[in-house]
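Structure file target.cif; described as mmCIF, C-alpha atoms.
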```cif
data_my_file
loop_
_atom_site.label_atom_id
_atom_site.label_comp_id
_atom_site.auth_asym_id
_atom_site.auth_seq_id
_atom_site.Cartn_x
_atom_site.Cartn_y
_atom_site.Cartn_z
CA MET A 1 119.56 101.11 124.62
CA ASN A 2 122.73 100.12 122.79
CA TYR A 3 121.05 100.03 119.42
CA ASN A 4 121.02 103.71 118.61
CA ILE A 5 122.02 104.50 115.02
CA VAL A 6 122.86 108.18 115.31
CA PRO A 7 122.42 109.20 111.63
CA LEU A 8 119.03 107.45 111.56
CA THR A 9 117.84 109.02 114.81
CA GLU A 10 118.90 112.41 113.46
CA LEU A 11 116.99 111.90 110.20
CA VAL A 12 113.89 110.72 112.07
CA SER A 13 114.00 113.80 114.30
CA GLN A 14 114.32 116.06 111.25
CA PHE A 15 111.21 114.52 109.71
CA GLU A 16 109.45 114.76 113.05
CA ARG A 17 109.92 118.53 113.10
CA LEU A 18 107.77 118.90 109.98
CA PRO A 19 104.19 119.95 110.65
CA GLY A 20 101.73 117.07 111.05
CA ILE A 21 104.43 114.39 111.05
CA GLY A 22 104.47 112.24 114.18
CA LYS A 23 107.05 109.79 115.52
CA LYS A 24 105.77 106.77 113.56
CA THR A 25 105.43 108.59 110.25
CA ALA A 26 108.88 110.15 110.70
CA GLN A 27 110.36 106.68 111.14
CA ARG A 28 108.55 105.37 108.09
CA LEU A 29 109.80 108.29 105.99
CA ALA A 30 113.37 107.92 107.25
CA PHE A 31 113.38 104.22 106.40
CA SER A 32 112.04 104.97 102.93
CA ILE A 33 115.10 107.18 102.38
CA LEU A 34 117.41 104.33 103.40
CA GLU A 35 115.68 102.00 100.97
CA GLN A 36 116.21 104.35 98.02
CA PRO A 37 119.43 104.73 96.01
CA PRO A 38 121.84 107.31 97.49
CA GLU A 39 121.27 109.69 94.55
CA ARG A 40 117.65 110.09 95.65
CA ALA A 41 118.72 111.27 99.10
CA LYS A 42 121.23 113.64 97.50
CA LYS A 43 118.62 115.10 95.15
CA PHE A 44 116.19 115.55 98.02
CA ALA A 45 118.92 117.28 100.04
CA GLU A 46 119.75 119.58 97.12
CA ALA A 47 116.08 120.42 96.62
CA LEU A 48 115.80 121.39 100.28
CA VAL A 49 118.82 123.68 100.30
CA ASN A 50 118.04 125.06 96.86
CA ALA A 51 114.46 125.95 97.67
CA ARG A 52 115.39 127.60 100.95
CA GLU A 53 118.27 129.57 99.44
CA LYS A 54 116.81 130.61 96.11
CA ILE A 55 113.25 131.43 97.05
CA HIS A 56 112.56 134.81 98.54
CA PHE A 57 109.92 137.50 98.29
CA CYS A 58 109.23 139.33 95.03
CA LYS A 59 110.50 142.92 95.34
CA CYS A 60 107.24 144.18 93.95
CA CYS A 61 104.34 142.03 95.19
CA GLN A 62 106.09 140.20 98.08
CA ALA A 63 104.97 136.79 96.80
CA LEU A 64 107.43 133.90 96.60
CA THR A 65 109.82 133.82 93.67
CA ASP A 66 113.30 132.66 92.74
CA MET A 67 113.84 135.76 90.60
CA GLU A 68 114.09 139.41 91.62
CA ILE A 69 110.60 140.16 90.33
CA CYS A 70 108.10 137.28 90.20
CA GLY A 71 106.62 135.84 87.02
CA ILE A 72 103.24 137.44 87.66
CA CYS A 73 104.59 140.96 88.13
CA MET A 74 106.76 140.57 85.02
CA ASP A 75 103.97 139.19 82.84
CA SER A 76 102.95 141.86 80.35
CA GLN A 77 99.67 140.02 79.68
CA ARG A 78 98.34 140.65 83.15
CA ASP A 79 96.00 143.45 84.09
CA LYS A 80 98.12 145.96 86.01
CA SER A 81 95.11 147.99 87.11
CA VAL A 82 93.89 145.44 89.68
CA ILE A 83 95.75 144.25 92.77
CA CYS A 84 94.47 141.36 94.85
CA VAL A 85 95.71 141.74 98.43
CA VAL A 86 96.24 138.45 100.30
CA GLU A 87 97.70 137.44 103.65
CA ASP A 88 99.90 134.55 102.60
CA PRO A 89 102.01 133.48 99.59
CA LYS A 90 99.95 130.27 99.49
CA ASP A 91 96.86 132.36 98.79
CA VAL A 92 98.47 133.56 95.55
CA MET A 93 98.73 129.95 94.44
CA ALA A 94 95.12 129.29 95.41
CA PHE A 95 93.97 132.20 93.22
CA GLU A 96 96.24 131.14 90.37
CA ARG A 97 94.63 127.71 90.44
CA THR A 98 91.25 129.29 89.66
CA ARG A 99 92.68 130.44 86.28
CA GLU A 100 90.12 133.26 86.49
CA TYR A 101 92.09 136.12 87.93
CA ARG A 102 94.33 138.04 85.52
CA GLY A 103 95.43 140.95 87.71
CA LEU A 104 98.37 141.35 90.08
CA TYR A 105 98.81 140.40 93.74
CA HIS A 106 100.16 141.87 96.91
CA VAL A 107 101.09 139.63 99.84
CA LEU A 108 100.84 141.20 103.30
CA HIS A 109 102.55 138.30 105.12
CA GLY A 110 100.02 138.22 107.90
CA ALA A 111 96.96 140.02 109.18
CA ILE A 112 96.58 142.69 111.82
CA SER A 113 96.30 141.03 115.22
CA PRO A 114 97.32 143.31 118.10
CA LEU A 115 96.97 140.49 120.66
CA ASP A 116 99.68 138.52 118.81
CA GLY A 117 101.79 141.64 118.45
CA VAL A 118 101.07 141.97 114.72
CA THR A 119 100.55 145.69 114.24
CA PRO A 120 100.07 147.25 110.75
CA ASP A 121 103.78 148.21 110.53
CA LYS A 122 104.73 144.50 110.72
CA LEU A 123 102.84 143.80 107.48
CA ARG A 124 103.88 144.72 103.95
CA ILE A 125 101.45 147.63 103.85
CA LYS A 126 104.03 150.38 103.08
CA GLU A 127 105.13 148.33 100.07
CA LEU A 128 101.50 148.23 98.89
CA MET A 129 101.10 151.99 99.35
CA ALA A 130 104.31 152.59 97.40
CA ARG A 131 102.93 150.54 94.51
CA LEU A 132 99.66 152.44 94.55
CA SER A 133 101.25 155.87 94.42
CA SER A 134 103.36 155.05 91.40
CA ALA A 135 101.20 152.81 89.23
CA GLU A 136 97.98 153.00 87.31
CA VAL A 137 95.99 150.92 89.85
CA LYS A 138 92.21 151.28 89.62
CA GLU A 139 91.04 148.57 92.00
CA ILE A 140 92.22 146.78 95.12
CA ILE A 141 90.54 143.46 95.91
CA MET A 142 90.86 142.71 99.60
CA ALA A 143 91.27 138.94 99.72
CA THR A 144 92.37 138.55 103.32
CA ASN A 145 90.94 135.58 105.21
CA PRO A 146 87.29 135.69 106.32
CA THR A 147 88.36 135.91 109.97
CA VAL A 148 88.29 138.71 112.54
CA GLU A 149 91.95 139.53 111.78
CA GLY A 150 91.40 139.36 108.02
CA GLU A 151 88.40 141.67 108.29
CA ALA A 152 90.29 144.14 110.45
CA THR A 153 93.14 144.19 107.96
CA ALA A 154 90.78 144.66 105.03
CA SER A 155 89.03 147.60 106.62
CA TYR A 156 92.32 149.14 107.79
CA ILE A 157 93.77 149.07 104.29
CA SER A 158 90.53 150.23 102.66
CA ARG A 159 90.59 153.30 104.92
CA LEU A 160 94.12 154.07 103.68
CA VAL A 161 93.43 153.43 100.00
CA LYS A 162 89.98 154.94 99.44
CA PRO A 163 91.14 158.58 99.85
CA MET A 164 93.50 157.96 96.90
CA GLY A 165 90.46 157.53 94.67
CA ILE A 166 91.07 153.83 94.17
CA ARG A 167 88.16 151.40 94.26
CA VAL A 168 88.40 148.87 97.12
CA THR A 169 86.41 145.63 96.94
CA ARG A 170 86.11 142.60 99.22
CA LEU A 171 85.67 138.93 98.27
CA ALA A 172 82.04 137.82 98.34
CA TYR A 173 80.81 135.87 101.35
CA GLY A 174 78.46 132.98 100.74
CA VAL A 175 78.03 129.25 100.71
CA PRO A 176 80.98 127.33 99.29
CA VAL A 177 80.46 125.63 95.92
CA GLY A 178 79.74 121.92 96.34
CA GLY A 179 78.98 122.39 100.04
CA ASP A 180 75.90 121.18 101.86
CA LEU A 181 73.58 123.90 103.20
CA GLU A 182 72.75 121.70 106.17
CA TYR A 183 76.30 122.06 107.44
CA ALA A 184 76.77 125.75 106.65
CA ASP A 185 77.16 127.87 109.79
CA GLU A 186 74.62 130.59 110.57
CA PHE A 187 77.01 133.48 109.85
CA THR A 188 77.84 132.16 106.40
CA LEU A 189 74.18 131.54 105.60
CA ALA A 190 73.20 135.00 106.82
CA ARG A 191 75.89 136.54 104.59
CA ALA A 192 74.81 134.39 101.64
CA LEU A 193 71.21 135.61 102.06
CA GLU A 194 72.35 139.22 102.41
CA GLY A 195 74.45 139.03 99.27
CA ARG A 196 71.86 137.17 97.15
CA ASN A 197 71.78 137.88 93.42
CA GLU A 198 69.07 138.00 90.77
CA ILE A 199 69.07 134.84 88.62
CA MET B 1 100.85 129.16 84.13
CA ASN B 2 103.56 131.77 84.46
CA TYR B 3 103.80 131.43 88.20
CA ASN B 4 105.98 128.36 88.44
CA ILE B 5 108.73 128.64 91.03
CA VAL B 6 111.09 125.88 89.91
CA PRO B 7 112.94 125.27 93.21
CA LEU B 8 109.61 125.08 95.04
CA THR B 9 108.06 122.69 92.50
CA GLU B 10 111.15 120.51 92.77
CA LEU B 11 110.96 120.42 96.58
CA VAL B 12 107.24 119.61 96.49
CA SER B 13 107.86 116.75 94.07
CA GLN B 14 110.62 115.38 96.31
CA PHE B 15 108.26 115.34 99.28
CA GLU B 16 105.57 113.79 97.10
CA ARG B 17 107.80 110.81 96.36
CA LEU B 18 107.82 109.83 100.02
CA PRO B 19 105.41 107.04 100.92
CA GLY B 20 101.97 108.19 102.06
CA ILE B 21 102.61 111.86 101.20
CA GLY B 22 100.13 113.31 98.71
CA LYS B 23 100.19 116.52 96.68
CA LYS B 24 98.62 118.71 99.36
CA THR B 25 100.77 117.42 102.20
CA ALA B 26 103.89 117.75 100.05
CA GLN B 27 103.03 121.41 99.44
CA ARG B 28 102.42 122.01 103.12
CA LEU B 29 105.75 120.43 104.03
CA ALA B 30 107.63 122.37 101.34
CA PHE B 31 106.15 125.64 102.58
CA SER B 32 107.11 124.77 106.14
CA ILE B 33 110.73 124.52 104.96
CA LEU B 34 110.53 127.99 103.38
CA GLU B 35 109.18 129.41 106.62
CA GLN B 36 112.09 128.07 108.67
CA PRO B 37 115.56 129.62 108.95
CA PRO B 38 117.97 128.45 106.19
CA GLU B 39 120.08 126.49 108.72
CA ARG B 40 117.11 124.21 109.35
CA ALA B 41 116.94 123.27 105.66
CA LYS B 42 120.70 122.72 105.63
CA LYS B 43 120.58 120.48 108.70
CA PHE B 44 117.73 118.50 107.20
CA ALA B 45 119.69 118.10 103.96
CA GLU B 46 122.78 116.96 105.85
CA ALA B 47 120.75 114.45 107.85
CA LEU B 48 119.36 113.00 104.62
CA VAL B 49 122.73 112.55 102.93
CA ASN B 50 124.42 111.45 106.14
CA ALA B 51 121.87 108.78 106.93
CA ARG B 52 121.90 107.40 103.41
CA GLU B 53 125.69 107.37 103.16
CA LYS B 54 126.64 106.20 106.64
CA ILE B 55 124.01 103.57 107.31
CA HIS B 56 124.56 100.13 105.87
CA PHE B 57 124.09 96.55 106.96
CA CYS B 58 125.99 95.06 109.92
CA LYS B 59 128.57 92.60 108.64
CA CYS B 60 127.44 90.07 111.19
CA CYS B 61 123.65 90.30 111.67
CA GLN B 62 122.71 92.34 108.55
CA ALA B 63 120.74 94.88 110.62
CA LEU B 64 121.19 98.60 110.03
CA THR B 65 124.22 100.28 111.54
CA ASP B 66 126.63 103.14 110.93
CA MET B 67 129.56 101.05 112.17
CA GLU B 68 131.11 97.91 110.71
CA ILE B 69 129.51 95.69 113.34
CA CYS B 70 126.29 96.93 114.97
CA GLY B 71 125.89 97.86 118.61
CA ILE B 72 123.93 94.72 119.40
CA CYS B 73 126.48 92.32 117.93
CA MET B 74 129.29 94.15 119.73
CA ASP B 75 127.51 94.25 123.10
CA SER B 76 129.23 91.77 125.44
CA GLN B 77 126.18 91.82 127.75
CA ARG B 78 123.95 90.13 125.20
CA ASP B 79 123.21 86.43 125.11
CA LYS B 80 125.14 85.10 122.12
CA SER B 81 123.46 81.69 122.28
CA VAL B 82 120.12 82.93 120.87
CA ILE B 83 119.51 84.46 117.43
CA CYS B 84 116.18 86.00 116.54
CA VAL B 85 115.67 85.79 112.76
CA VAL B 86 113.58 88.63 111.28
CA GLU B 87 112.63 89.76 107.79
CA ASP B 88 113.29 93.47 108.05
CA PRO B 89 115.65 95.85 109.90
CA LYS B 90 112.57 97.59 111.31
CA ASP B 91 111.65 94.35 113.09
CA VAL B 92 114.90 94.57 115.07
CA MET B 93 113.78 97.94 116.36
CA ALA B 94 110.35 96.57 117.21
CA PHE B 95 111.93 93.81 119.33
CA GLU B 96 114.37 96.24 120.96
CA ARG B 97 111.42 98.35 122.04
CA THR B 98 110.06 95.44 124.07
CA ARG B 99 113.22 95.60 126.27
CA GLU B 100 112.64 91.91 126.89
CA TYR B 101 114.89 90.25 124.37
CA ARG B 102 118.60 90.04 125.24
CA GLY B 103 119.88 87.79 122.45
CA LEU B 104 121.20 88.62 118.98
CA TYR B 105 119.41 89.12 115.67
CA HIS B 106 119.72 88.12 112.07
CA VAL B 107 117.97 90.10 109.35
CA LEU B 108 117.01 88.15 106.20
CA HIS B 109 115.99 91.24 104.18
CA GLY B 110 112.84 89.64 102.87
CA ALA B 111 110.90 86.41 102.92
CA ILE B 112 110.78 83.56 100.42
CA SER B 113 108.22 84.38 97.75
CA PRO B 114 108.82 82.54 94.46
CA LEU B 115 105.98 84.43 92.74
CA ASP B 116 107.82 87.72 93.36
CA GLY B 117 111.13 86.14 92.35
CA VAL B 118 112.43 86.01 95.93
CA THR B 119 114.15 82.63 96.13
CA PRO B 120 116.15 81.55 99.24
CA ASP B 121 119.44 82.59 97.64
CA LYS B 122 118.19 86.22 97.49
CA LEU B 123 117.92 86.34 101.28
CA ARG B 124 120.75 86.55 103.82
CA ILE B 125 120.45 82.87 104.66
CA LYS B 126 124.07 81.91 103.83
CA GLU B 127 125.23 84.63 106.25
CA LEU B 128 123.02 83.07 108.93
CA MET B 129 124.39 79.59 108.25
CA ALA B 130 127.96 80.93 108.44
CA ARG B 131 127.21 82.40 111.87
CA LEU B 132 125.73 79.13 113.11
CA SER B 133 128.67 77.01 112.07
CA SER B 134 131.18 79.19 113.89
CA ALA B 135 129.45 80.31 117.06
CA GLU B 136 127.99 78.80 120.19
CA VAL B 137 124.36 79.25 119.10
CA LYS B 138 121.84 77.10 120.97
CA GLU B 139 118.53 78.52 119.73
CA ILE B 140 117.12 80.20 116.65
CA ILE B 141 113.86 82.10 117.13
CA MET B 142 112.04 82.38 113.81
CA ALA B 143 110.40 85.80 113.99
CA THR B 144 109.41 86.20 110.35
CA ASN B 145 106.01 87.75 109.69
CA PRO B 146 102.88 85.69 110.36
CA THR B 147 102.13 85.54 106.61
CA VAL B 148 102.34 82.76 104.04
CA GLU B 149 105.81 83.97 102.96
CA GLY B 150 107.00 84.37 106.54
CA GLU B 151 105.80 80.85 107.38
CA ALA B 152 107.49 79.38 104.32
CA THR B 153 110.73 81.10 105.21
CA ALA B 154 110.54 79.93 108.83
CA SER B 155 110.02 76.30 107.85
CA TYR B 156 112.69 76.47 105.13
CA ILE B 157 115.29 77.73 107.59
CA SER B 158 114.22 75.34 110.33
CA ARG B 159 114.80 72.42 107.94
CA LEU B 160 118.35 73.71 107.35
CA VAL B 161 119.16 74.41 110.98
CA LYS B 162 117.63 71.49 112.86
CA PRO B 163 120.12 68.89 111.53
CA MET B 164 122.87 71.01 113.12
CA GLY B 165 121.43 70.17 116.54
CA ILE B 166 120.24 73.73 117.15
CA ARG B 167 116.81 74.35 118.70
CA VAL B 168 114.43 76.23 116.37
CA THR B 169 111.41 78.03 117.83
CA ARG B 170 108.65 80.17 116.32
CA LEU B 171 106.91 83.23 117.80
CA ALA B 172 103.62 82.37 119.52
CA TYR B 173 100.41 83.04 117.65
CA GLY B 174 97.50 84.43 119.60
CA VAL B 175 95.30 87.43 120.24
CA PRO B 176 97.18 90.74 120.41
CA VAL B 177 97.43 92.38 123.83
CA GLY B 178 94.86 95.16 124.21
CA GLY B 179 92.91 93.90 121.22
CA ASP B 180 89.20 93.16 121.13
CA LEU B 181 88.22 89.50 120.67
CA GLU B 182 85.19 90.58 118.68
CA TYR B 183 87.47 91.86 115.89
CA ALA B 184 90.00 89.01 115.95
CA ASP B 185 89.95 86.96 112.75
CA GLU B 186 89.06 83.25 112.89
CA PHE B 187 92.62 82.07 112.12
CA THR B 188 94.13 84.07 114.96
CA LEU B 189 91.44 82.91 117.39
CA ALA B 190 91.89 79.27 116.35
CA ARG B 191 95.64 79.58 116.92
CA ALA B 192 95.10 81.30 120.27
CA LEU B 193 92.85 78.42 121.37
CA GLU B 194 95.32 75.84 120.15
CA GLY B 195 98.20 77.46 122.00
CA ARG B 196 96.29 78.08 125.24
CA ASN B 197 98.24 77.97 128.50
CA GLU B 198 97.45 76.92 132.08
CA ILE B 199 96.83 79.94 134.34
#
```
Would you give me this structure, written as structure tokens?
Amino acid sequence: MNYNIVPLTELVSQFERLPGIGKKTAQRLAFSILEQPPERAKKFAEALVNAREKIHFCKCCQALTDMEICGICMDSQRDKSVICVVEDPKDVMAFERTREYRGLYHVLHGAISPLDGVTPDKLRIKELMARLSSAEVKEIIMATNPTVEGEATASYISRLVKPMGIRVTRLAYGVPVGGDLEYADEFTLARALEGRNEI
Amino acid sequence: MNYNIVPLTELVSQFERLPGIGKKTAQRLAFSILEQPPERAKKFAEALVNAREKIHFCKCCQALTDMEICGICMDSQRDKSVICVVEDPKDVMAFERTREYRGLYHVLHGAISPLDGVTPDKLRIKELMARLSSAEVKEIIMATNPTVEGEATASYISRLVKPMGIRVTRLAYGVPVGGDLEYADEFTLARALEGRNEI
């Protein structure tokens, strides 16, 4: 093939490396860049480098931030007596979208999974313990994923934290809001029954 | 919301401006960049700027290239007596993928559409005429899209070219290979019948 435009092939292959982007989509995206004014490509390029360089983990809660301490940890309005422990920085954003939670977070950056080589020392558990020993924390909400690994992590941390006299809670299991009972799996339904509340 | 990470929001919005990428996908893509080593983001950024700056239209055929004259126009192996006229640079790639066509191309960069303000002078028709007057071209294959605009463009150009004693052909209409007759529209089927061949 003598019609190989190297810069285009390179751009297509960069798009192709993104998750969920196949060959055809990568080509479509690359062409869309060529059709835009050059400043657009430059801005996109700057945004990429900027985001990767400036965003790191909050020194306190290990969530994503472009400052030393993230906006949530610095916010004096937030309830410093509750810490919601999550696996992933994206989970922080999911909770923030609820606009219900007013406490702090702690991101573990994973869940215990010995088969994948993720032992407790690979997670940000020491950082959590350090926060607990110094601050006026009254409750830890374990908001790890409802999976085997998430459960294991939740119970591991609760065993560490409970002796410190801090309350440890777990997210409620049940049927998702707006879901259809017909399609709920048996484990979820069993948990929803178990955790039923007076109305 | 006090948890707004500006560089991340900016990256998400850049991804969101790509065609077919929604809010959720843009977030997923932005996070994937954060999870990769910084060199990946830098390479991606370079590929974006590089592609946009280096790729322009071939002086001869108006297809995309990073050189002055594209690889196809420069290739001495190709049949210079046939020019395939297409609407879009992507169409050149589509034909190249067939590995059947060995002639040259000419990209119009659009099709005549007076309602959208695309008159013949907005297309690269003069450039095509200039090529025809100088070179040993024997045939023009009109490979504009099988749409009203593509048809209009094909017949407009054929009226210009035929008086020069050059053969003008049009792509065959018919049922697509691998398609299902049941789902073929009536116009396509009628054309396929009309253009039937002896077997």
For this session: Can you check which residues of chain A have any atom within 9 Å of chain B? Use only C-alpha atoms and format it as a count of residues only.
Result: 60
For this session: Please write the residues picked by the PyMOL selection byres ((chain B and resi 195) around 12) on this file as a VMD selection string.
Result: chain B and resid 171 to 175 188 to 194 196 to 198
Problem set entry | Interatomic distance, atom CA of Asn145 of chain B to atom CA of Cys60 of chain B (Å, one decimal) | 21.6 Å
Problem set entry | Who sits within 6 Å of Val82 of chain A, only C-alpha atoms, same chain under 6 positions skipped, as a PyMOL selection string | chain A and resi 103+137+139-140
For this session: Would you list the contacts of Val107 of chain A as a VMD selection string, taking every protein, DNA or RNA residue within 7 Å and counting all atoms listed in the file, but skipping same-chain residues closer than 2 positions in sequence?
Result: chain A and resid 61 to 63 85 to 89 105 109
For this session: Could you tell me how far atom CA of Ser158 of chain A lies from atom CA of Ser134 of chain A, in Å and to one decimal?
Result: 17.7 Å
For this session: Calculate how many Å separate atom CA of Ser133 of chain B from atom CA of Met164 of chain B, rounding to one decimal.
Result: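 Answer for the atom CA of Ser133 of chain B to atom CA of Met164 of chain B separation: 8.4 Å.
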For this session: Check what the PyMOL selection byres ((chain A and resi 144) around 10) selects in the file above and give those residues as a PyMOL selection string.
Result: chain A and resi 84-88+91+107-108+110-111+141-143+145-147+149-154+170-171
Output C-alpha atoms for every residue in that selection, as a PDB file, in the coordinates of the input.
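Saved result, again.pdb, follows:
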```pdb
ATOM      1  CA  CYS A  84      94.470 141.360  94.850  1.00  0.00           C
ATOM      2  CA  VAL A  85      95.710 141.740  98.430  1.00  0.00           C
ATOM      3  CA  VAL A  86      96.240 138.450 100.300  1.00  0.00           C
ATOM      4  CA  GLU A  87      97.700 137.440 103.650  1.00  0.00           C
ATOM      5  CA  ASP A  88      99.900 134.550 102.600  1.00  0.00           C
ATOM      6  CA  ASP A  91      96.860 132.360  98.790  1.00  0.00           C
ATOM      7  CA  VAL A 107     101.090 139.630  99.840  1.00  0.00           C
ATOM      8  CA  LEU A 108     100.840 141.200 103.300  1.00  0.00           C
ATOM      9  CA  GLY A 110     100.020 138.220 107.900  1.00  0.00           C
ATOM     10  CA  ALA A 111      96.960 140.020 109.180  1.00  0.00           C
ATOM     11  CA  ILE A 141      90.540 143.460  95.910  1.00  0.00           C
ATOM     12  CA  MET A 142      90.860 142.710  99.600  1.00  0.00           C
ATOM     13  CA  ALA A 143      91.270 138.940  99.720  1.00  0.00           C
ATOM     14  CA  ASN A 145      90.940 135.580 105.210  1.00  0.00           C
ATOM     15  CA  PRO A 146      87.290 135.690 106.320  1.00  0.00           C
ATOM     16  CA  THR A 147      88.360 135.910 109.970  1.00  0.00           C
ATOM     17  CA  GLU A 149      91.950 139.530 111.780  1.00  0.00           C
ATOM     18  CA  GLY A 150      91.400 139.360 108.020  1.00  0.00           C
ATOM     19  CA  GLU A 151      88.400 141.670 108.290  1.00  0.00           C
ATOM     20  CA  ALA A 152      90.290 144.140 110.450  1.00  0.00           C
ATOM     21  CA  THR A 153      93.140 144.190 107.960  1.00  0.00           C
ATOM     22  CA  ALA A 154      90.780 144.660 105.030  1.00  0.00           C
ATOM     23  CA  ARG A 170      86.110 142.600  99.220  1.00  0.00           C
ATOM     24  CA  LEU A 171      85.670 138.930  98.270  1.00  0.00           C
TER      25      LEU A 171
END
```
Seminar exercise, completed: Closest of B:Arg159, B:Glu127, B:Ala94, B:Leu115 to Cys58 of chain B, counting only C-alpha atoms, is B:Glu127
